[in-house]
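> Supplied structure: protein.csv, CSV, C-alpha atoms.
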chain,number,residue,atom,x,y,z
J,1,MET,CA,-7.6,6.6,-18.5
J,2,THR,CA,-6.3,7.4,-15.0
J,3,ARG,CA,-2.5,7.2,-14.8
J,4,ILE,CA,-0.8,6.2,-11.5
J,5,ALA,CA,2.8,5.6,-10.5
J,6,CYS,CA,3.6,3.5,-7.4
J,7,VAL,CA,7.0,3.8,-5.9
J,8,GLY,CA,8.5,1.5,-3.3
J,9,ILE,CA,9.2,-2.1,-2.5
J,10,THR,CA,8.1,-5.4,-3.9
J,11,VAL,CA,8.7,-8.6,-2.0
J,12,LEU,CA,7.9,-12.3,-2.3
J,13,ASP,CA,5.3,-13.2,0.4
J,14,ARG,CA,5.5,-16.8,1.7
J,15,ILE,CA,2.2,-17.2,3.5
J,16,TRP,CA,1.4,-20.0,6.0
J,17,TYR,CA,-2.3,-20.4,7.1
J,18,LEU,CA,-2.7,-21.6,10.7
J,19,THR,CA,-5.6,-22.2,13.0
J,20,ASP,CA,-4.1,-19.8,15.6
J,21,LEU,CA,-1.1,-17.4,15.5
J,22,PRO,CA,1.8,-18.8,17.7
J,23,LYS,CA,2.1,-17.4,21.2
J,24,GLU,CA,5.2,-19.3,22.1
J,25,GLY,CA,8.1,-21.2,20.6
J,26,GLY,CA,7.3,-24.6,19.2
J,27,LYS,CA,6.3,-26.5,16.0
J,28,TYR,CA,3.1,-25.8,14.1
J,29,VAL,CA,1.4,-27.3,11.2
J,30,ALA,CA,0.0,-25.1,8.4
J,31,GLY,CA,-3.3,-25.9,6.8
J,32,ASP,CA,-2.3,-24.2,3.5
J,33,TYR,CA,0.6,-22.3,2.0
J,34,LYS,CA,1.0,-19.8,-0.8
J,35,GLU,CA,3.8,-17.8,-2.5
J,36,VAL,CA,2.7,-14.5,-4.0
J,37,GLY,CA,4.1,-11.1,-4.8
J,38,GLY,CA,3.7,-8.5,-2.0
J,39,GLY,CA,5.1,-5.2,-0.8
J,40,PRO,CA,3.0,-2.1,0.0
J,41,ALA,CA,3.5,0.0,-3.2
J,42,ALA,CA,3.6,-3.1,-5.4
J,43,THR,CA,0.3,-4.4,-4.2
J,44,ALA,CA,-1.2,-0.9,-4.4
J,45,ALA,CA,-0.1,-0.9,-8.0
J,46,VAL,CA,-1.9,-4.2,-8.7
J,47,ALA,CA,-5.1,-2.8,-7.0
J,48,ALA,CA,-4.9,0.3,-9.2
J,49,ALA,CA,-4.5,-1.8,-12.3
J,50,ARG,CA,-7.4,-4.1,-11.4
J,51,LEU,CA,-9.5,-0.9,-11.1
J,52,GLY,CA,-8.7,0.1,-14.7
J,53,ALA,CA,-5.8,2.6,-14.2
J,54,GLN,CA,-2.7,2.6,-16.3
J,55,VAL,CA,0.0,1.9,-13.7
J,56,ASP,CA,3.8,2.0,-13.5
J,57,PHE,CA,5.6,0.4,-10.6
J,58,ILE,CA,9.0,1.9,-9.8
J,59,GLY,CA,11.3,0.1,-7.5
J,60,ARG,CA,14.3,-2.3,-7.2
J,61,VAL,CA,14.7,-6.0,-7.4
J,62,GLY,CA,17.7,-8.4,-7.7
J,63,ASP,CA,18.5,-10.4,-10.8
J,64,ASP,CA,17.7,-13.6,-8.9
J,65,ASP,CA,14.8,-16.0,-9.4
J,66,THR,CA,12.7,-14.1,-6.9
J,67,GLY,CA,13.1,-10.8,-8.7
J,68,ASN,CA,12.2,-12.4,-12.0
J,69,ARG,CA,9.0,-13.9,-10.4
J,70,LEU,CA,8.1,-10.5,-8.9
J,71,LEU,CA,8.4,-8.7,-12.2
J,72,ALA,CA,6.5,-11.4,-14.1
J,73,GLU,CA,3.6,-11.3,-11.7
J,74,LEU,CA,3.3,-7.5,-11.8
J,75,GLU,CA,3.2,-7.7,-15.6
J,76,GLU,CA,0.6,-10.5,-15.5
J,77,TYR,CA,-1.6,-8.1,-13.4
J,78,GLY,CA,-1.2,-5.4,-16.0
J,79,VAL,CA,1.3,-3.3,-14.1
J,80,ASN,CA,4.1,-1.8,-16.2
J,81,THR,CA,7.6,-2.4,-15.0
J,82,ARG,CA,9.5,-0.4,-17.6
J,83,TYR,CA,11.1,1.8,-14.9
J,84,MET,CA,12.2,-1.0,-12.6
J,85,ARG,CA,15.9,-1.1,-11.6
J,86,ILE,CA,17.3,-4.7,-11.6
J,87,ILE,CA,20.4,-5.0,-9.5
J,88,LYS,CA,23.0,-7.5,-10.8
J,89,GLY,CA,24.1,-10.1,-8.3
J,90,ALA,CA,21.5,-8.9,-5.7
J,91,ARG,CA,19.0,-10.8,-3.7
J,92,SER,CA,15.4,-9.6,-3.8
J,93,SER,CA,13.3,-8.9,-0.7
J,94,GLN,CA,11.0,-11.4,1.0
J,95,SER,CA,8.5,-11.8,3.8
J,96,ALA,CA,7.1,-14.6,6.0
J,97,VAL,CA,3.4,-14.2,6.7
J,98,LEU,CA,1.4,-16.2,9.3
J,99,VAL,CA,-2.4,-16.0,8.9
J,100,ASP,CA,-4.8,-17.4,11.5
J,101,GLY,CA,-8.4,-18.7,11.1
J,102,ALA,CA,-9.9,-15.2,11.5
J,103,GLY,CA,-7.7,-13.7,8.8
J,104,GLU,CA,-5.4,-11.8,11.1
J,105,ARG,CA,-1.7,-12.0,10.3
J,106,ILE,CA,1.9,-11.5,11.5
J,107,ILE,CA,4.5,-10.4,8.9
J,108,ALA,CA,8.3,-10.7,9.2
J,109,ASN,CA,9.9,-8.7,6.3
J,110,TYR,CA,13.4,-9.2,5.1
J,111,PRO,CA,14.4,-6.0,3.1
J,112,SER,CA,17.3,-7.1,1.1
J,113,PRO,CA,20.5,-5.2,2.0
J,114,ASP,CA,21.7,-5.8,-1.6
J,115,LEU,CA,19.3,-3.2,-3.1
J,116,PRO,CA,20.9,0.3,-3.1
J,117,ALA,CA,18.9,2.9,-1.2
J,118,SER,CA,19.9,5.7,-3.6
J,119,ALA,CA,17.0,7.1,-5.7
J,120,ASP,CA,19.0,9.6,-7.8
J,121,TRP,CA,18.2,7.7,-10.9
J,122,LEU,CA,14.5,8.7,-10.6
J,123,ALA,CA,15.5,12.2,-11.8
J,124,ALA,CA,15.6,10.8,-15.3
J,125,ILE,CA,11.8,10.0,-15.2
J,126,ASP,CA,9.1,12.5,-16.1
J,127,PHE,CA,6.8,12.5,-13.1
J,128,GLY,CA,4.4,14.9,-14.9
J,129,GLN,CA,3.0,12.0,-17.0
J,130,TRP,CA,0.9,10.7,-14.1
J,131,ASP,CA,-2.3,11.8,-12.4
J,132,ALA,CA,-1.1,10.7,-9.0
J,133,VAL,CA,2.0,9.3,-7.4
J,134,LEU,CA,1.8,6.8,-4.5
J,135,ALA,CA,4.8,5.8,-2.4
J,136,ASP,CA,5.4,3.6,0.5
J,137,VAL,CA,7.8,4.4,3.4
J,138,ARG,CA,9.9,1.2,3.0
J,139,TRP,CA,12.1,2.8,0.4
J,140,HIS,CA,12.5,6.2,2.0
J,141,ASP,CA,14.9,7.7,-0.5
J,142,GLY,CA,12.6,6.6,-3.4
J,143,ALA,CA,9.5,8.2,-1.8
J,144,LYS,CA,11.3,11.4,-1.0
J,145,GLN,CA,12.7,11.8,-4.5
J,146,ALA,CA,9.5,10.7,-6.3
J,147,PHE,CA,7.3,13.1,-4.2
J,148,THR,CA,9.8,16.0,-4.8
J,149,LEU,CA,9.7,15.4,-8.5
J,150,ALA,CA,5.9,14.9,-8.6
J,151,ARG,CA,5.2,18.1,-6.6
J,152,ALA,CA,7.4,20.1,-8.9
J,153,LYS,CA,5.1,19.0,-11.8
J,154,GLY,CA,1.9,19.7,-9.8
J,155,VAL,CA,1.0,16.0,-9.5
J,156,PRO,CA,-0.8,14.9,-6.2
J,157,THR,CA,1.1,12.6,-3.9
J,158,VAL,CA,-0.3,9.7,-1.7
J,159,LEU,CA,1.8,8.3,1.1
J,160,ASP,CA,1.4,4.8,2.5
J,161,ALA,CA,2.5,5.9,6.0
J,162,ASP,CA,3.1,2.6,7.8
J,163,VAL,CA,5.7,1.6,10.4
J,164,THR,CA,9.4,1.9,9.4
J,165,PRO,CA,12.6,2.4,11.4
J,166,GLN,CA,13.2,5.8,9.8
J,167,ASP,CA,11.5,9.1,10.8
J,168,ILE,CA,8.9,9.7,8.1
J,169,GLY,CA,8.2,13.3,9.0
J,170,GLU,CA,9.7,14.7,5.8
J,171,LEU,CA,7.7,12.3,3.7
J,172,VAL,CA,4.5,13.4,5.4
J,173,ALA,CA,5.4,17.0,4.7
J,174,LEU,CA,5.8,16.2,1.0
J,175,SER,CA,2.4,14.4,0.9
J,176,ASP,CA,-0.9,15.7,-0.4
J,177,HIS,CA,-2.5,12.7,1.2
J,178,ALA,CA,-0.8,10.9,4.1
J,179,VAL,CA,-2.6,7.7,4.8
J,180,PHE,CA,-1.4,6.1,8.1
J,181,SER,CA,-1.8,2.7,9.5
J,182,ALA,CA,-2.7,2.9,13.2
J,183,PRO,CA,0.8,1.7,14.3
J,184,GLY,CA,2.4,4.1,11.8
J,185,LEU,CA,0.5,7.1,13.1
J,186,ALA,CA,1.3,6.1,16.8
J,187,ARG,CA,5.0,5.7,16.0
J,188,LEU,CA,5.2,9.1,14.3
J,189,THR,CA,3.2,11.1,16.9
J,190,GLY,CA,4.0,9.2,20.1
J,191,THR,CA,0.3,8.6,21.0
J,192,SER,CA,-2.2,5.8,20.3
J,193,ASP,CA,-5.1,8.2,20.6
J,194,ALA,CA,-6.0,8.4,17.0
J,195,PRO,CA,-7.9,11.7,16.9
J,196,VAL,CA,-5.1,13.4,18.9
J,197,ALA,CA,-2.5,11.8,16.7
J,198,LEU,CA,-4.1,12.9,13.5
J,199,LYS,CA,-4.1,16.5,14.7
J,200,LYS,CA,-0.4,16.2,15.5
J,201,ALA,CA,0.3,14.7,12.1
J,202,GLN,CA,-1.7,17.5,10.5
J,203,THR,CA,0.9,20.1,11.8
J,204,LEU,CA,3.5,18.4,9.6
J,205,THR,CA,1.8,18.9,6.3
J,206,ASN,CA,-0.5,21.2,4.3
J,207,GLY,CA,-2.1,18.1,2.8
J,208,HIS,CA,-4.8,15.7,4.1
J,209,VAL,CA,-4.2,13.1,6.9
J,210,TYR,CA,-6.0,9.8,7.4
J,211,VAL,CA,-5.7,6.7,9.5
J,212,THR,CA,-7.0,3.3,8.6
J,213,GLN,CA,-8.1,1.1,11.6
J,214,GLY,CA,-9.1,-2.2,10.1
J,215,ALA,CA,-12.5,-3.3,11.4
J,216,GLN,CA,-12.9,0.1,13.1
J,217,GLY,CA,-12.9,1.9,9.7
J,218,CYS,CA,-11.1,5.1,8.7
J,219,LEU,CA,-10.7,8.5,10.4
J,220,TRP,CA,-9.6,11.6,8.6
J,221,LEU,CA,-9.4,15.4,9.1
J,222,GLU,CA,-11.1,17.7,6.7
J,223,ASN,CA,-11.3,21.5,7.3
J,224,ALA,CA,-9.9,20.8,10.8
J,225,ARG,CA,-12.9,18.5,11.6
J,226,LEU,CA,-12.6,14.8,12.4
J,227,HIS,CA,-14.6,12.4,10.2
J,228,HIS,CA,-15.2,8.7,10.5
J,229,LEU,CA,-16.3,6.1,8.0
J,230,PRO,CA,-17.2,2.6,9.5
J,231,ALA,CA,-15.7,-0.5,7.9
J,232,LEU,CA,-17.8,-2.4,5.4
J,233,HIS,CA,-18.7,-5.9,6.6
J,234,VAL,CA,-17.5,-9.0,4.8
J,235,ASP,CA,-16.6,-12.5,5.9
J,236,VAL,CA,-12.8,-12.1,6.4
J,237,VAL,CA,-10.5,-14.9,5.1
J,238,ASP,CA,-7.2,-13.0,5.0
J,239,THR,CA,-6.3,-9.4,5.8
J,240,THR,CA,-2.9,-9.6,4.1
J,241,GLY,CA,-2.4,-6.6,1.8
J,242,ALA,CA,-5.7,-4.9,2.8
J,243,GLY,CA,-4.0,-1.6,3.7
J,244,ASP,CA,-2.0,-1.7,0.5
J,245,VAL,CA,-5.1,-2.3,-1.6
J,246,PHE,CA,-6.9,0.5,0.2
J,247,HIS,CA,-4.0,2.9,-0.7
J,248,GLY,CA,-4.0,1.9,-4.3
J,249,ALA,CA,-7.8,2.3,-4.6
J,250,LEU,CA,-7.7,5.6,-2.8
J,251,ALA,CA,-5.0,7.0,-5.2
J,252,VAL,CA,-7.2,6.0,-8.2
J,253,SER,CA,-10.3,7.6,-6.8
J,254,LEU,CA,-8.5,10.8,-5.7
J,255,ALA,CA,-6.8,11.0,-9.1
J,256,GLN,CA,-10.3,11.0,-10.6
J,257,ASN,CA,-11.1,14.1,-8.5
J,258,ASN,CA,-13.7,12.3,-6.3
J,259,ALA,CA,-14.7,13.9,-3.0
J,260,THR,CA,-12.7,12.7,0.0
J,261,GLU,CA,-15.5,10.7,1.6
J,262,GLU,CA,-16.5,9.1,-1.7
J,263,ALA,CA,-12.8,8.1,-2.3
J,264,ILE,CA,-12.5,6.6,1.1
J,265,ARG,CA,-15.8,4.7,0.8
J,266,PHE,CA,-14.6,3.3,-2.6
J,267,ALA,CA,-11.2,2.3,-1.2
J,268,SER,CA,-12.8,0.7,1.8
J,269,ALA,CA,-15.0,-1.4,-0.4
J,270,VAL,CA,-12.0,-2.6,-2.5
J,271,ALA,CA,-10.0,-3.5,0.6
J,272,ALA,CA,-12.9,-5.3,2.2
J,273,LEU,CA,-13.5,-7.4,-0.9
J,274,LYS,CA,-9.8,-8.3,-1.0
J,275,CYS,CA,-10.1,-9.8,2.5
J,276,THR,CA,-12.7,-12.4,1.3
J,277,ARG,CA,-10.0,-14.4,-0.5
J,278,PRO,CA,-6.6,-15.7,0.7
J,279,GLY,CA,-3.4,-13.9,-0.3
J,280,GLY,CA,-2.6,-10.2,-0.8
J,281,ARG,CA,-3.9,-9.8,-4.3
J,282,ALA,CA,-6.2,-12.7,-5.5
J,283,GLY,CA,-9.3,-11.1,-4.1
J,284,ILE,CA,-8.8,-7.5,-5.4
J,285,PRO,CA,-12.0,-6.6,-7.2
J,286,ASP,CA,-12.5,-4.6,-10.4
J,287,CYS,CA,-14.7,-1.4,-10.6
J,288,ASP,CA,-17.9,-3.2,-11.5
J,289,GLN,CA,-17.6,-5.7,-8.6
J,290,THR,CA,-16.8,-2.8,-6.2
J,291,ARG,CA,-19.8,-0.7,-7.3
J,292,SER,CA,-22.1,-3.7,-7.0
J,293,PHE,CA,-20.8,-4.3,-3.4
J,294,LEU,CA,-21.3,-0.6,-2.6
J,295,SER,CA,-24.8,-0.7,-3.9
J,296,LEU,CA,-25.7,-2.9,-0.9
J,297,TYR,CA,-24.9,0.1,1.4
J,298,VAL,CA,-27.0,2.7,-0.4
I need this file expressed as structure tokens, please.


Amino acid sequence: MTRIACVGITVLDRIWYLTDLPKEGGKYVAGDYKEVGGGPAATAAVAAARLGAQVDFIGRVGDDDTGNRLLAELEEYGVNTRYMRIIKGARSSQSAVLVDGAGERIIANYPSPDLPASADWLAAIDFGQWDAVLADVRWHDGAKQAFTLARAKGVPTVLDADVTPQDIGELVALSDHAVFSAPGLARLTGTSDAPVALKKAQTLTNGHVYVTQGAQGCLWLENARLHHLPALHVDVVDTTGAGDVFHGALAVSLAQNNATEEAIRFASAVAALKCTRPGGRAGIPDCDQTRSFLSLYV
């Protein structure tokens, strides 16, 4: 069985479904509302577990009701939380998510200031037990420590390189696979020209660099050549968590030693299917569903 560790944040997503995203101040009526677990690495962990991997999520929550809900939901999805750090008296992180009729969304994240940034305690964990370690950039110290420990054990690292206030250059340098969102890549490199930006990002790492572009598909560099895989078509209901799901599926496929394009195609299919249902996790398919969907594109 493929073994994956996902390191980063977990949050409670409060999701409102609107006809259109607000463009000015005012009062709006939601057509539906959900509360579900979210967070880049946590949702990637759920995706990996749905795909049959043995998954550990490593992060921090408070000992509040929100933290208890987040841990319980991860366990319900088959994600092991044995390495979680529960902070006494702390509030857990939350997000407000607005989704329009086309499935596009706006996210406002509240990273709890009560959760200590220090990741020194990860040194007590044997990172050699996993086939791949994925981390998001929202817990910078955790990603840095986890990647350092994983690389010392020869374990491949996958970075969810999204937008964050901190400079993620050192995390990219520690990554065997740095998978950027388009905004994350533009922030790091100072250009929105994706091919140029990827080449700039490549100078920071000896690993592979990718950028996901939603409906425009995925770009990556391989042997200094630019490659592109178009997005797979589905009827989109909600794009919340699609990038996180892509990262989790990619980590599983890469850990199974699949070729780069095959891994990207697999991850793209998993993320596309997720978008056909509301919420960040409900639509994540298993391997059989993913292969059946991919067979339509043979």

> Please provide the set of residues having any atom within 9 Å of J:Ala123, restricted to only C-alpha atoms, with same-chain residues fewer than 2 positions apart removed, written as a ChimeraX atom specification.

/J:119-121,125-127,145-146,149

> May I have the selected residues written with C-alpha atoms, as an mmCIF file, in the frame of the given file?


data_model
loop_
_atom_site.group_PDB
_atom_site.id
_atom_site.type_symbol
_atom_site.label_atom_id
_atom_site.label_comp_id
_atom_site.auth_asym_id
_atom_site.auth_seq_id
_atom_site.Cartn_x
_atom_site.Cartn_y
_atom_site.Cartn_z
ATOM 1 C CA ALA J 119 17.000 7.100 -5.700
ATOM 2 C CA ASP J 120 19.000 9.600 -7.800
ATOM 3 C CA TRP J 121 18.200 7.700 -10.900
ATOM 4 C CA ILE J 125 11.800 10.000 -15.200
ATOM 5 C CA ASP J 126 9.100 12.500 -16.100
ATOM 6 C CA PHE J 127 6.800 12.500 -13.100
ATOM 7 C CA GLN J 145 12.700 11.800 -4.500
ATOM 8 C CA ALA J 146 9.500 10.700 -6.300
ATOM 9 C CA LEU J 149 9.700 15.400 -8.500
#

> Identify which of the residues J:Ser112, J:Gln129, J:Ser175, J:Ser292 lies closest to J:Lys153, counting all atoms listed in the file when measuring atom-to-atom distances.

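Comparing J:Ser112, J:Gln129, J:Ser175, J:Ser292 against J:Lys153, the winner is J:Gln129.
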
> Return the single residue from J:Val172, J:Ala42, J:Ala231, J:Leu226 that is closest to J:Thr205, with distances computed using all atoms listed in the file.

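Among J:Val172, J:Ala42, J:Ala231, J:Leu226, it is J:Val172 that comes nearest to J:Thr205.
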
> Quick check, in Å to one decimal: how far apart do atom CA of J:Leu198 and atom CA of J:Arg105 lie?

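These two atoms are separated by 25.2 Å.
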
> Pick out the closest residue to J:Ala194 from this set: J:Val79, J:Val209, J:Val99, J:Leu294. Count all atoms listed in the file.

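Closest residue, counting all atoms listed in the file: J:Val209.
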
> Between atom CA of J:Leu122 and atom CA of J:Thr164, what is the distance in Å, rounded to a tenth?

21.7 Å

> Taking the structure I provided as the source, export stretch 20-68 of chain J with C-alpha atoms, as a PDB file, in the first residue's frame.


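File part_23.pdb, as written:
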ATOM      1  CA  ASP J  20     -23.224  35.451  -8.371  1.00  0.00           C
ATOM      2  CA  LEU J  21     -20.184  36.470  -6.355  1.00  0.00           C
ATOM      3  CA  PRO J  22     -20.624  39.887  -4.687  1.00  0.00           C
ATOM      4  CA  LYS J  23     -19.077  42.825  -6.524  1.00  0.00           C
ATOM      5  CA  GLU J  24     -20.003  45.471  -3.961  1.00  0.00           C
ATOM      6  CA  GLY J  25     -21.173  45.835  -0.369  1.00  0.00           C
ATOM      7  CA  GLY J  26     -24.703  44.781   0.458  1.00  0.00           C
ATOM      8  CA  LYS J  27     -26.887  41.918   1.652  1.00  0.00           C
ATOM      9  CA  TYR J  28     -27.079  38.646  -0.267  1.00  0.00           C
ATOM     10  CA  VAL J  29     -29.151  35.493   0.109  1.00  0.00           C
ATOM     11  CA  ALA J  30     -27.466  32.101  -0.187  1.00  0.00           C
ATOM     12  CA  GLY J  31     -29.228  29.248  -1.937  1.00  0.00           C
ATOM     13  CA  ASP J  32     -27.403  26.630   0.136  1.00  0.00           C
ATOM     14  CA  TYR J  33     -24.881  26.380   2.980  1.00  0.00           C
ATOM     15  CA  LYS J  34     -22.436  23.712   4.163  1.00  0.00           C
ATOM     16  CA  GLU J  35     -19.842  23.293   6.909  1.00  0.00           C
ATOM     17  CA  VAL J  36     -17.038  20.882   5.973  1.00  0.00           C
ATOM     18  CA  GLY J  37     -13.396  20.313   6.760  1.00  0.00           C
ATOM     19  CA  GLY J  38     -10.899  22.081   4.522  1.00  0.00           C
ATOM     20  CA  GLY J  39      -7.301  23.213   4.330  1.00  0.00           C
ATOM     21  CA  PRO J  40      -4.816  22.405   1.536  1.00  0.00           C
ATOM     22  CA  ALA J  41      -2.833  19.558   3.092  1.00  0.00           C
ATOM     23  CA  ALA J  42      -5.840  18.169   4.969  1.00  0.00           C
ATOM     24  CA  THR J  43      -7.969  17.934   1.821  1.00  0.00           C
ATOM     25  CA  ALA J  44      -5.015  16.460  -0.076  1.00  0.00           C
ATOM     26  CA  ALA J  45      -4.837  13.828   2.676  1.00  0.00           C
ATOM     27  CA  VAL J  46      -8.518  12.978   2.208  1.00  0.00           C
ATOM     28  CA  ALA J  47      -7.984  12.649  -1.556  1.00  0.00           C
ATOM     29  CA  ALA J  48      -5.013  10.325  -1.049  1.00  0.00           C
ATOM     30  CA  ALA J  49      -7.009   8.175   1.372  1.00  0.00           C
ATOM     31  CA  ARG J  50      -9.960   7.975  -1.065  1.00  0.00           C
ATOM     32  CA  LEU J  51      -7.484   6.705  -3.662  1.00  0.00           C
ATOM     33  CA  GLY J  52      -6.436   3.844  -1.402  1.00  0.00           C
ATOM     34  CA  ALA J  53      -3.273   5.238   0.187  1.00  0.00           C
ATOM     35  CA  GLN J  54      -2.405   4.862   3.848  1.00  0.00           C
ATOM     36  CA  VAL J  55      -2.325   8.490   4.956  1.00  0.00           C
ATOM     37  CA  ASP J  56      -1.158  10.432   8.006  1.00  0.00           C
ATOM     38  CA  PHE J  57      -2.101  14.072   8.437  1.00  0.00           C
ATOM     39  CA  ILE J  58       0.320  16.115  10.539  1.00  0.00           C
ATOM     40  CA  GLY J  59      -0.771  19.540  11.752  1.00  0.00           C
ATOM     41  CA  ARG J  60      -2.213  21.561  14.625  1.00  0.00           C
ATOM     42  CA  VAL J  61      -5.706  22.245  15.923  1.00  0.00           C
ATOM     43  CA  GLY J  62      -7.139  23.791  19.050  1.00  0.00           C
ATOM     44  CA  ASP J  63      -8.991  21.782  21.678  1.00  0.00           C
ATOM     45  CA  ASP J  64     -12.232  23.581  20.756  1.00  0.00           C
ATOM     46  CA  ASP J  65     -15.349  22.132  19.131  1.00  0.00           C
ATOM     47  CA  THR J  66     -14.023  23.075  15.699  1.00  0.00           C
ATOM     48  CA  GLY J  67     -10.782  21.157  16.260  1.00  0.00           C
ATOM     49  CA  ASN J  68     -12.696  18.105  17.454  1.00  0.00           C
TER      50      ASN J  68
END
